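Okay, entry09.txt now, which holds compact mmCIF, C-alpha atoms:
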# COMPACT_ATOMS: atom_id res chain seq x y z
CA MET A 1 0.00 0.00 0.00
CA SER A 2 2.71 2.44 1.01
CA VAL A 3 4.69 1.55 -2.11
CA ASN A 4 1.64 2.37 -4.17
CA LYS A 5 1.36 5.73 -2.42
CA TRP A 6 4.89 6.54 -3.51
CA LEU A 7 4.64 5.15 -6.99
CA MET A 8 1.58 7.11 -8.04
CA PRO A 9 2.98 10.65 -7.65
CA LEU A 10 6.35 9.50 -8.91
CA GLY A 11 4.77 8.08 -12.03
CA PHE A 12 2.79 11.25 -12.61
CA GLY A 13 5.86 13.36 -12.05
CA LEU A 14 7.91 11.41 -14.56
CA LEU A 15 5.07 11.40 -17.04
CA SER A 16 4.63 15.17 -16.81
CA LEU A 17 8.40 15.61 -17.12
CA PHE A 18 8.44 13.59 -20.33
CA LEU A 19 5.44 15.44 -21.63
CA SER A 20 6.94 18.84 -20.93
CA GLN A 21 10.16 17.69 -22.59
CA GLY A 22 8.15 16.58 -25.58
CA VAL A 23 6.39 19.92 -25.78
CA SER A 24 9.59 21.94 -25.61
CA CYS A 25 11.12 19.72 -28.29
CA ALA A 26 8.07 20.23 -30.42
CA GLU A 27 8.34 23.97 -29.92
CA ALA A 28 11.81 24.18 -31.27
CA THR A 29 10.79 22.27 -34.36
CA ALA A 30 7.21 23.56 -34.54
CA GLN A 31 6.19 24.07 -38.11
CA ILE A 32 5.03 27.61 -37.41
CA ASN A 33 8.54 28.64 -36.34
CA GLN A 34 10.10 27.20 -39.50
CA ASP A 35 8.47 29.82 -41.70
CA SER A 36 11.71 31.26 -43.02
CA SER A 37 10.24 34.26 -44.75
CA CYS A 38 8.92 35.67 -41.46
CA MET A 39 11.57 34.31 -39.13
CA LYS A 40 14.38 35.80 -41.21
CA CYS A 41 13.58 39.19 -39.66
CA HIS A 42 11.35 38.30 -36.70
CA LYS A 43 13.68 35.83 -35.03
CA ARG A 44 13.48 37.71 -31.75
CA ASN A 45 9.84 38.70 -31.56
CA GLY A 46 8.25 36.24 -33.92
CA ALA A 47 8.71 32.79 -32.46
CA MET A 48 5.63 31.11 -31.07
CA HIS A 49 6.07 29.22 -27.81
CA GLY A 50 2.50 29.02 -26.58
CA HIS A 51 -0.42 26.69 -27.06
CA HIS A 52 -1.03 28.02 -30.55
CA ALA A 53 2.35 26.79 -31.76
CA GLN A 54 1.16 23.17 -31.85
CA ASP A 55 1.62 21.58 -35.24
CA SER A 56 -1.78 19.94 -35.00
CA LEU A 57 -3.47 23.35 -35.14
CA LYS A 58 -1.82 23.94 -38.53
CA LEU A 59 -1.43 27.63 -37.90
CA SER A 60 1.02 29.87 -39.67
CA CYS A 61 1.99 33.46 -38.95
CA SER A 62 -0.40 34.59 -41.64
CA SER A 63 -3.37 32.82 -40.02
CA CYS A 64 -3.51 35.62 -37.48
CA HIS A 65 -1.36 38.41 -38.84
CA GLY A 66 -2.70 38.28 -42.39
CA GLU A 67 -0.94 37.92 -45.72
CA ARG A 68 2.40 39.60 -46.05
CA GLY A 69 1.56 41.68 -49.10
CA ASN A 70 3.94 44.61 -49.38
CA HIS A 71 5.28 44.27 -45.86
CA PRO A 72 7.71 45.64 -44.78
CA ARG A 73 8.41 48.23 -47.49
CA LYS A 74 5.06 49.60 -48.48
CA PRO A 75 1.70 50.09 -46.76
CA ASN A 76 0.07 46.72 -46.20
CA ASN A 77 -2.78 44.96 -44.51
CA MET A 78 -0.82 43.08 -41.90
CA MET A 79 -2.49 42.79 -38.53
CA VAL A 80 -0.62 43.87 -35.41
CA PHE A 81 -2.28 43.21 -32.06
CA SER A 82 -0.19 45.28 -29.68
CA SER A 83 -1.81 48.11 -27.77
CA GLU A 84 -0.10 50.65 -30.05
CA SER A 85 -1.76 49.15 -33.07
CA ASN A 86 -4.46 51.34 -34.52
CA LEU A 87 -6.57 48.43 -35.67
CA SER A 88 -10.16 48.59 -34.56
CA LEU A 89 -11.30 46.41 -31.70
CA GLU A 90 -13.71 44.47 -33.88
CA SER A 91 -11.12 43.61 -36.51
CA LYS A 92 -8.66 42.48 -33.85
CA ASN A 93 -11.17 40.26 -32.11
CA ALA A 94 -12.59 38.94 -35.36
CA VAL A 95 -9.28 37.16 -35.91
CA CYS A 96 -9.66 35.19 -32.67
CA LEU A 97 -13.35 34.57 -33.27
CA LYS A 98 -12.51 32.86 -36.55
CA CYS A 99 -11.82 29.78 -34.43
CA HIS A 100 -13.13 30.56 -30.94
CA ILE A 101 -16.88 30.39 -30.39
CA PRO A 102 -18.34 33.03 -28.05
CA THR A 103 -20.67 30.62 -26.27
CA LYS A 104 -17.77 28.32 -25.47
CA LEU A 105 -15.67 31.24 -24.28
CA ALA A 106 -18.53 32.34 -22.05
CA LYS A 107 -18.85 28.89 -20.57
CA LYS A 108 -15.18 28.80 -19.73
CA GLU A 109 -15.03 32.26 -18.22
CA TRP A 110 -17.90 34.69 -17.60
CA THR A 111 -15.77 37.82 -18.06
CA HIS A 112 -15.50 37.09 -21.80
CA ASN A 113 -19.13 38.14 -22.18
CA VAL A 114 -18.86 41.57 -20.63
CA HIS A 115 -15.64 42.50 -22.36
CA ALA A 116 -16.61 41.35 -25.84
CA GLN A 117 -17.18 44.86 -27.17
CA LYS A 118 -14.92 46.75 -24.82
CA THR A 119 -11.45 45.22 -24.92
CA SER A 120 -9.43 43.23 -27.37
CA CYS A 121 -8.61 39.63 -26.56
CA THR A 122 -4.93 40.50 -26.72
CA SER A 123 -5.14 43.07 -23.94
CA CYS A 124 -5.33 40.10 -21.55
CA HIS A 125 -4.17 37.09 -23.56
CA LYS A 126 -0.66 36.65 -24.90
CA LEU A 127 -0.18 33.96 -27.52
CA HIS A 128 3.53 34.10 -28.26
CA PRO A 129 4.98 33.37 -24.80
CA LYS A 130 5.09 29.82 -23.51
CA LEU A 131 2.31 30.44 -21.02
CA ASP A 132 -0.60 32.76 -21.59
CA PRO A 133 -0.77 34.89 -18.41
CA MET A 134 -4.48 34.13 -18.21
CA THR A 135 -3.97 30.36 -18.07
CA GLY A 136 -5.33 28.83 -14.88
CA LEU A 137 -6.30 32.18 -13.46
CA SER A 138 -9.79 30.97 -12.58
CA ASP A 139 -8.34 28.43 -10.15
CA GLN A 140 -9.53 28.86 -6.58
CA ASP A 141 -6.09 29.49 -5.13
CA ARG A 142 -5.23 32.23 -7.62
CA SER A 143 -8.22 34.46 -6.92
CA GLN A 144 -6.01 37.28 -5.74
CA GLU A 145 -3.99 37.32 -8.96
CA ARG A 146 -7.22 37.23 -10.83
CA SER A 147 -8.70 40.25 -9.11
CA ASN A 148 -5.44 42.07 -9.74
CA VAL A 149 -5.98 41.60 -13.47
CA CYS A 150 -9.38 43.30 -13.07
CA ARG A 151 -7.75 46.02 -11.03
CA ASN A 152 -5.36 46.91 -13.86
CA CYS A 153 -8.22 48.63 -15.67
CA HIS A 154 -11.07 48.97 -13.16
CA THR A 155 -9.49 51.29 -10.63
CA VAL A 156 -10.86 54.60 -9.46
CA GLN A 157 -8.91 57.26 -7.63
CA ARG A 158 -9.54 57.40 -3.90
CA MET B 1 -42.81 60.46 73.35
CA GLU B 2 -45.04 57.99 71.53
CA ASN B 3 -45.57 60.52 68.80
CA SER B 4 -41.89 61.23 68.16
CA ARG B 5 -41.06 57.52 67.88
CA ARG B 6 -43.74 57.13 65.20
CA HIS B 7 -42.35 60.17 63.41
CA PHE B 8 -38.88 58.78 63.64
CA LEU B 9 -39.94 55.43 62.20
CA LYS B 10 -41.90 57.06 59.41
CA ARG B 11 -39.01 59.27 58.42
CA THR B 12 -36.47 56.46 58.54
CA CYS B 13 -38.68 54.25 56.40
CA ALA B 14 -39.19 57.04 53.89
CA LEU B 15 -35.46 57.71 53.81
CA VAL B 16 -34.59 54.02 53.28
CA ALA B 17 -37.23 53.64 50.59
CA GLY B 18 -36.07 56.80 48.88
CA ALA B 19 -32.43 55.79 49.07
CA SER B 20 -33.17 52.37 47.58
CA VAL B 21 -35.27 53.71 44.71
CA TYR B 22 -32.99 56.62 43.84
CA PRO B 23 -30.08 54.68 42.32
CA LEU B 24 -32.48 52.62 40.21
CA SER B 25 -34.12 55.66 38.71
CA ARG B 26 -30.78 57.32 38.16
CA ASN B 27 -29.47 54.22 36.32
CA ASP B 28 -32.47 54.20 34.01
CA ALA B 29 -32.04 57.84 33.26
CA ASN B 30 -28.35 57.30 32.54
CA ALA B 31 -29.01 54.40 30.21
CA GLU B 32 -31.39 56.50 28.19
CA THR B 33 -29.01 59.38 27.87
CA ASP B 34 -26.27 56.90 26.90
CA ILE B 35 -28.25 55.76 23.92
CA GLU B 36 -29.02 59.32 22.98
CA THR B 37 -25.46 60.52 23.24
CA ASN B 38 -24.08 57.48 21.42
CA ASP B 39 -23.35 58.89 18.00
CA ILE B 40 -22.01 55.94 16.04
CA LYS B 41 -24.11 53.59 13.99
CA TYR B 42 -22.11 51.85 11.31
CA ALA B 43 -23.66 50.83 8.03
CA MET B 44 -22.51 49.86 4.56
CA LEU B 45 -23.55 50.68 1.05
CA HIS B 46 -22.95 48.39 -1.91
CA ASP B 47 -23.24 50.22 -5.20
CA GLU B 48 -24.15 47.39 -7.56
CA THR B 49 -23.80 49.68 -10.55
CA LYS B 50 -20.08 50.02 -9.79
CA CYS B 51 -19.37 46.43 -8.75
CA ILE B 52 -17.44 44.42 -11.36
CA GLY B 53 -17.51 41.08 -9.56
CA CYS B 54 -13.74 40.84 -9.23
CA ASN B 55 -14.00 39.26 -5.75
CA ALA B 56 -11.18 41.41 -4.37
CA CYS B 57 -13.39 42.09 -1.33
CA VAL B 58 -13.87 38.39 -0.69
CA ASP B 59 -10.12 37.73 -0.77
CA ALA B 60 -9.32 40.71 1.43
CA CYS B 61 -11.92 39.63 4.00
CA ARG B 62 -10.52 36.13 4.12
CA GLU B 63 -7.01 37.39 4.62
CA VAL B 64 -7.69 40.07 7.21
CA ASN B 65 -10.17 38.11 9.31
CA GLN B 66 -8.41 34.76 8.93
CA VAL B 67 -11.51 33.11 7.53
CA PRO B 68 -10.66 29.47 6.74
CA GLU B 69 -11.17 27.98 3.28
CA GLY B 70 -14.55 26.45 2.67
CA VAL B 71 -16.49 29.11 4.55
CA SER B 72 -16.78 32.85 3.94
CA ARG B 73 -18.10 35.91 5.68
CA LEU B 74 -18.68 37.64 2.41
CA SER B 75 -19.45 36.55 -1.11
CA ILE B 76 -20.48 38.28 -4.29
CA GLU B 77 -23.31 36.54 -6.08
CA ARG B 78 -23.27 36.77 -9.85
CA SER B 79 -26.48 36.60 -11.86
CA GLU B 80 -26.90 34.81 -15.15
CA PRO B 81 -25.83 37.02 -18.06
CA TYR B 82 -28.43 39.49 -19.27
CA GLY B 83 -28.76 40.43 -22.93
CA GLU B 84 -27.38 38.80 -26.04
CA TYR B 85 -23.75 38.37 -27.03
CA PRO B 86 -21.76 40.58 -27.49
CA ASP B 87 -23.73 43.12 -25.46
CA GLN B 88 -24.12 41.38 -22.12
CA PHE B 89 -23.94 42.28 -18.47
CA TYR B 90 -24.31 40.71 -15.06
CA HIS B 91 -25.72 41.71 -11.72
CA PHE B 92 -23.59 41.38 -8.62
CA THR B 93 -25.09 41.17 -5.17
CA ARG B 94 -23.19 41.30 -1.91
CA HIS B 95 -24.05 38.43 0.38
CA SER B 96 -22.94 39.10 3.94
CA CYS B 97 -24.31 40.05 7.35
CA GLU B 98 -26.82 42.89 7.06
CA HIS B 99 -26.30 44.06 10.65
CA CYS B 100 -29.99 44.19 11.50
CA GLU B 101 -31.21 46.60 14.12
CA ALA B 102 -33.68 43.94 15.22
CA ALA B 103 -31.41 40.97 14.66
CA PRO B 104 -33.14 37.58 14.86
CA CYS B 105 -29.80 35.86 15.51
CA VAL B 106 -29.32 37.92 18.65
CA THR B 107 -32.87 37.26 19.84
CA VAL B 108 -32.55 33.49 19.56
CA CYS B 109 -29.04 33.13 20.97
CA PRO B 110 -29.40 31.30 24.31
CA THR B 111 -25.96 32.18 25.64
CA GLY B 112 -25.68 35.80 24.65
CA ALA B 113 -22.82 35.03 22.25
CA ALA B 114 -24.61 36.88 19.48
CA PHE B 115 -24.96 40.50 20.46
CA ILE B 116 -25.41 43.98 19.09
CA ASP B 117 -22.55 46.26 20.05
CA LYS B 118 -24.35 49.21 21.62
CA GLU B 119 -21.56 51.62 20.78
CA THR B 120 -21.42 50.92 17.08
CA GLY B 121 -24.59 49.06 16.18
CA ILE B 122 -22.51 46.17 14.82
CA VAL B 123 -23.98 42.69 15.18
CA ALA B 124 -21.10 40.62 16.49
CA VAL B 125 -20.30 37.20 17.92
CA ASN B 126 -18.47 36.45 21.14
CA ALA B 127 -16.84 33.18 20.11
CA ASP B 128 -16.01 32.26 23.72
CA ARG B 129 -19.65 32.25 24.67
CA CYS B 130 -20.93 30.41 21.59
CA VAL B 131 -21.89 26.78 22.20
CA GLY B 132 -22.55 26.04 18.53
CA CYS B 133 -26.26 25.30 18.93
CA LEU B 134 -26.93 26.60 15.40
CA TYR B 135 -30.05 28.53 16.46
CA CYS B 136 -28.70 31.75 14.94
CA ILE B 137 -27.89 30.00 11.67
CA ALA B 138 -31.46 28.79 11.47
CA ALA B 139 -32.87 32.17 12.48
CA CYS B 140 -30.90 34.43 10.13
CA PRO B 141 -33.19 35.25 7.21
CA TYR B 142 -30.19 36.27 5.08
CA GLU B 143 -28.36 32.97 5.61
CA VAL B 144 -25.02 34.58 6.26
CA ARG B 145 -23.94 32.73 9.40
CA PHE B 146 -21.76 29.66 9.50
CA ILE B 147 -19.78 27.62 12.01
CA ASN B 148 -16.12 28.53 11.81
CA PRO B 149 -14.29 25.19 11.52
CA VAL B 150 -11.35 26.54 13.52
CA THR B 151 -13.10 28.19 16.47
CA LYS B 152 -16.19 25.94 16.25
CA ALA B 153 -18.25 29.03 16.95
CA ALA B 154 -20.82 30.82 14.82
CA ASP B 155 -19.13 33.39 12.62
CA LYS B 156 -20.08 36.12 10.15
CA CYS B 157 -19.16 39.60 8.96
CA ASP B 158 -18.65 42.06 11.81
CA PHE B 159 -17.46 45.00 9.70
CA CYS B 160 -13.92 43.96 10.73
CA ARG B 161 -14.72 45.02 14.29
CA GLU B 162 -11.89 42.93 15.71
CA THR B 163 -9.35 43.68 13.00
CA ASN B 164 -9.37 46.72 10.73
CA LEU B 165 -11.78 48.88 12.74
CA LYS B 166 -9.68 48.39 15.86
CA GLN B 167 -6.69 49.70 13.94
CA GLY B 168 -8.68 52.71 12.81
CA LYS B 169 -8.97 51.47 9.24
CA GLN B 170 -11.93 50.83 6.99
CA PRO B 171 -13.23 47.26 6.71
CA ALA B 172 -11.03 45.05 4.52
CA CYS B 173 -13.59 44.71 1.74
CA VAL B 174 -14.01 48.47 1.45
CA GLU B 175 -10.25 49.01 1.29
CA ALA B 176 -9.84 46.33 -1.35
CA CYS B 177 -12.61 47.41 -3.71
CA PRO B 178 -10.98 48.78 -6.89
CA THR B 179 -14.10 50.55 -8.13
CA LYS B 180 -15.14 52.02 -4.78
CA ALA B 181 -18.43 50.18 -4.95
CA LEU B 182 -18.40 49.70 -1.17
CA VAL B 183 -18.86 52.62 1.19
CA PHE B 184 -18.68 52.17 4.94
CA GLY B 185 -19.62 54.88 7.38
CA ASN B 186 -21.56 56.27 10.28
CA LEU B 187 -25.29 56.68 9.74
CA LYS B 188 -25.46 59.27 12.49
CA ASP B 189 -22.89 61.54 10.88
CA PRO B 190 -24.82 63.63 8.35
CA LYS B 191 -21.60 64.73 6.66
CA SER B 192 -20.26 61.22 6.09
CA GLU B 193 -19.87 59.98 2.54
CA LEU B 194 -22.26 57.18 3.35
CA VAL B 195 -25.10 59.46 4.40
CA THR B 196 -24.58 61.82 1.46
CA LEU B 197 -24.76 58.88 -0.93
CA LEU B 198 -27.80 57.44 0.82
CA LYS B 199 -29.57 60.77 0.54
CA ALA B 200 -28.70 61.22 -3.13
CA ASN B 201 -29.51 57.73 -4.40
CA PRO B 202 -32.48 55.41 -4.22
CA THR B 203 -31.33 52.42 -2.21
CA LYS B 204 -32.75 49.04 -1.34
CA ARG B 205 -32.35 46.76 1.63
CA SER B 206 -33.28 43.12 1.43
CA LYS B 207 -36.21 41.46 3.19
CA LEU B 208 -37.38 44.67 4.83
CA ASP B 209 -40.82 43.18 5.32
CA LEU B 210 -39.42 40.89 8.00
CA GLY B 211 -38.89 43.88 10.25
CA THR B 212 -35.21 43.17 10.73
CA ARG B 213 -34.17 46.75 9.84
CA PRO B 214 -30.90 45.78 8.12
CA LYS B 215 -28.02 48.25 7.74
CA LEU B 216 -26.63 46.99 4.43
CA PHE B 217 -27.89 49.34 1.74
CA ARG B 218 -27.72 48.62 -1.96
CA ILE B 219 -27.80 50.87 -4.99
CA LYS B 220 -29.46 48.46 -7.36
CA ALA B 221 -28.09 47.74 -10.83
CA LYS B 222 -30.25 48.55 -13.83
CA GLU B 223 -33.08 46.14 -14.50
CA GLY B 224 -31.93 43.40 -16.81
CA GLU B 225 -35.20 42.13 -18.15
CA ILE B 226 -38.88 42.88 -18.46
CA ILE B 227 -40.84 41.37 -15.61
CA LEU B 228 -44.64 41.53 -15.92

Will you turn the file into structure tokens for me?
Amino acid sequence: MSVNKWLMPLGFGLLSLFLSQGVSCAEATAQINQDSSCMKCHKRNGAMHGHHAQDSLKLSCSSCHGERGNHPRKPNNMMVFSSESNLSLESKNAVCLKCHIPTKLAKKEWTHNVHAQKTSCTSCHKLHPKLDPMTGLSDQDRSQERSNVCRNCHTVQR
Amino acid sequence: MENSRRHFLKRTCALVAGASVYPLSRNDANAETDIETNDIKYAMLHDETKCIGCNACVDACREVNQVPEGVSRLSIERSEPYGEYPDQFYHFTRHSCEHCEAAPCVTVCPTGAAFIDKETGIVAVNADRCVGCLYCIAACPYEVRFINPVTKAADKCDFCRETNLKQGKQPACVEACPTKALVFGNLKDPKSELVTLLKANPTKRSKLDLGTRPKLFRIKAKEGEIIL
């Protein structure tokens, strides 16, 4: 019995270690990061490490950022999601909503509903880093972190 | 001779009677003036139009008052979403002790553990006196009381009477609220922010028809649907 008690967590630990190894290996070789035409210049800021880098999603840079067109020399239709970008909120969010269904988003997290017309997805979610800062934020033990995210915008002067 | 003895007895009796009644009457008079001169009556206002449901108040309460996991003195209840995507909103309602003036929990408590603090009007619990009979939990119409698994006594919001108020601070939830949806103050101070807001806004209190005279006021959020 006591051996079993030890073996279970050990097994899980090893399994998760292997899995994480696998993921990081996959990242390095992820198809999306092999796109030489983008990565030639965007080696530093272009690599995808997050969930969206998975090969099985079959995403490329252009799936979100749009076709290259005349970029970088002439005016073009490339999409940039940073806060400095002057893209409209709707056009930014439309990119995410190509795959993500609002009802499913609402089921996962109620705050999606109220922010749908007010903030862009990317003002909270970050897709390029390994871990989206919003991941797991609805866990019970991270409620304080969660309310701090709300506080970033919803604060009045006292 | 006979006459003077009778006089003496009469006067002594009168004096004794007078002396025994006097302190009683004086005490009564004092008690009344005490209530009149007492100029603190704490209350709270939850502006539901400002609340964003971030639960910062709940976390702050837990931390400051050492409320164990699994129970809570304060919670924010979220409604189902109103409206259609993408234009939706929720209602948030504070669920915590309403600090009734005529508190049923205090009336039913057999040991005097539940009491109303005469100086502040706060409904509080003396954990040392509580025997855990659960009468108060059954009696509270707002269902805000619970047995604290650590102290084994009935527990609930006491406006941080033992913690923040003692240190001269506002209750933890009020301090934590990022949108200033919670306002705590003295009902008897006409210049307090609380009273000014109460005078300027239509407010609601829950279950008023029970005669509990609660001191948790709410500025209600806009109606979400048509109710016929």

Interface list for chain B, partner chain A, 8 Å threshold, only C-alpha atoms, as a compact mmCIF listing (two decimals) with C-alpha atoms, keeping the file's coordinate frame:
# COMPACT_ATOMS: atom_id res chain seq x y z
CA CYS B 54 -13.74 40.84 -9.23
CA ASN B 55 -14.00 39.26 -5.75
CA ALA B 56 -11.18 41.41 -4.37
CA ASP B 59 -10.12 37.73 -0.77
CA PRO B 81 -25.83 37.02 -18.06
CA TYR B 85 -23.75 38.37 -27.03
CA PRO B 86 -21.76 40.58 -27.49
CA ASP B 87 -23.73 43.12 -25.46
CA GLN B 88 -24.12 41.38 -22.12
CA PHE B 89 -23.94 42.28 -18.47
CA TYR B 90 -24.31 40.71 -15.06
CA PRO B 178 -10.98 48.78 -6.89
CA THR B 179 -14.10 50.55 -8.13
CA LYS B 180 -15.14 52.02 -4.78

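If you look at atom CA of Arg142 of chain A and atom CA of Ser123 of chain A, they are 19.6 Å away from each other.
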
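One finds atom CA of Glu119 of chain B at 22.8 Å from atom CA of Cys61 of chain B.
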
Problem - Interatomic distance (Å, one decimal) between atom CA of Pro110 of chain B and atom CA of Lys215 of chain B - result: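 So the answer is 23.7 Å.
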
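Only residues having an atom at most 9 Å from (-2.2, 44.1, -26.7) are included; using only C-alpha atoms, these are Val80, Phe81, Ser82, Ser83, Glu84, Ser85, Ser120, Cys121, Thr122, Ser123, Cys124, His125 and Lys126 of chain A.
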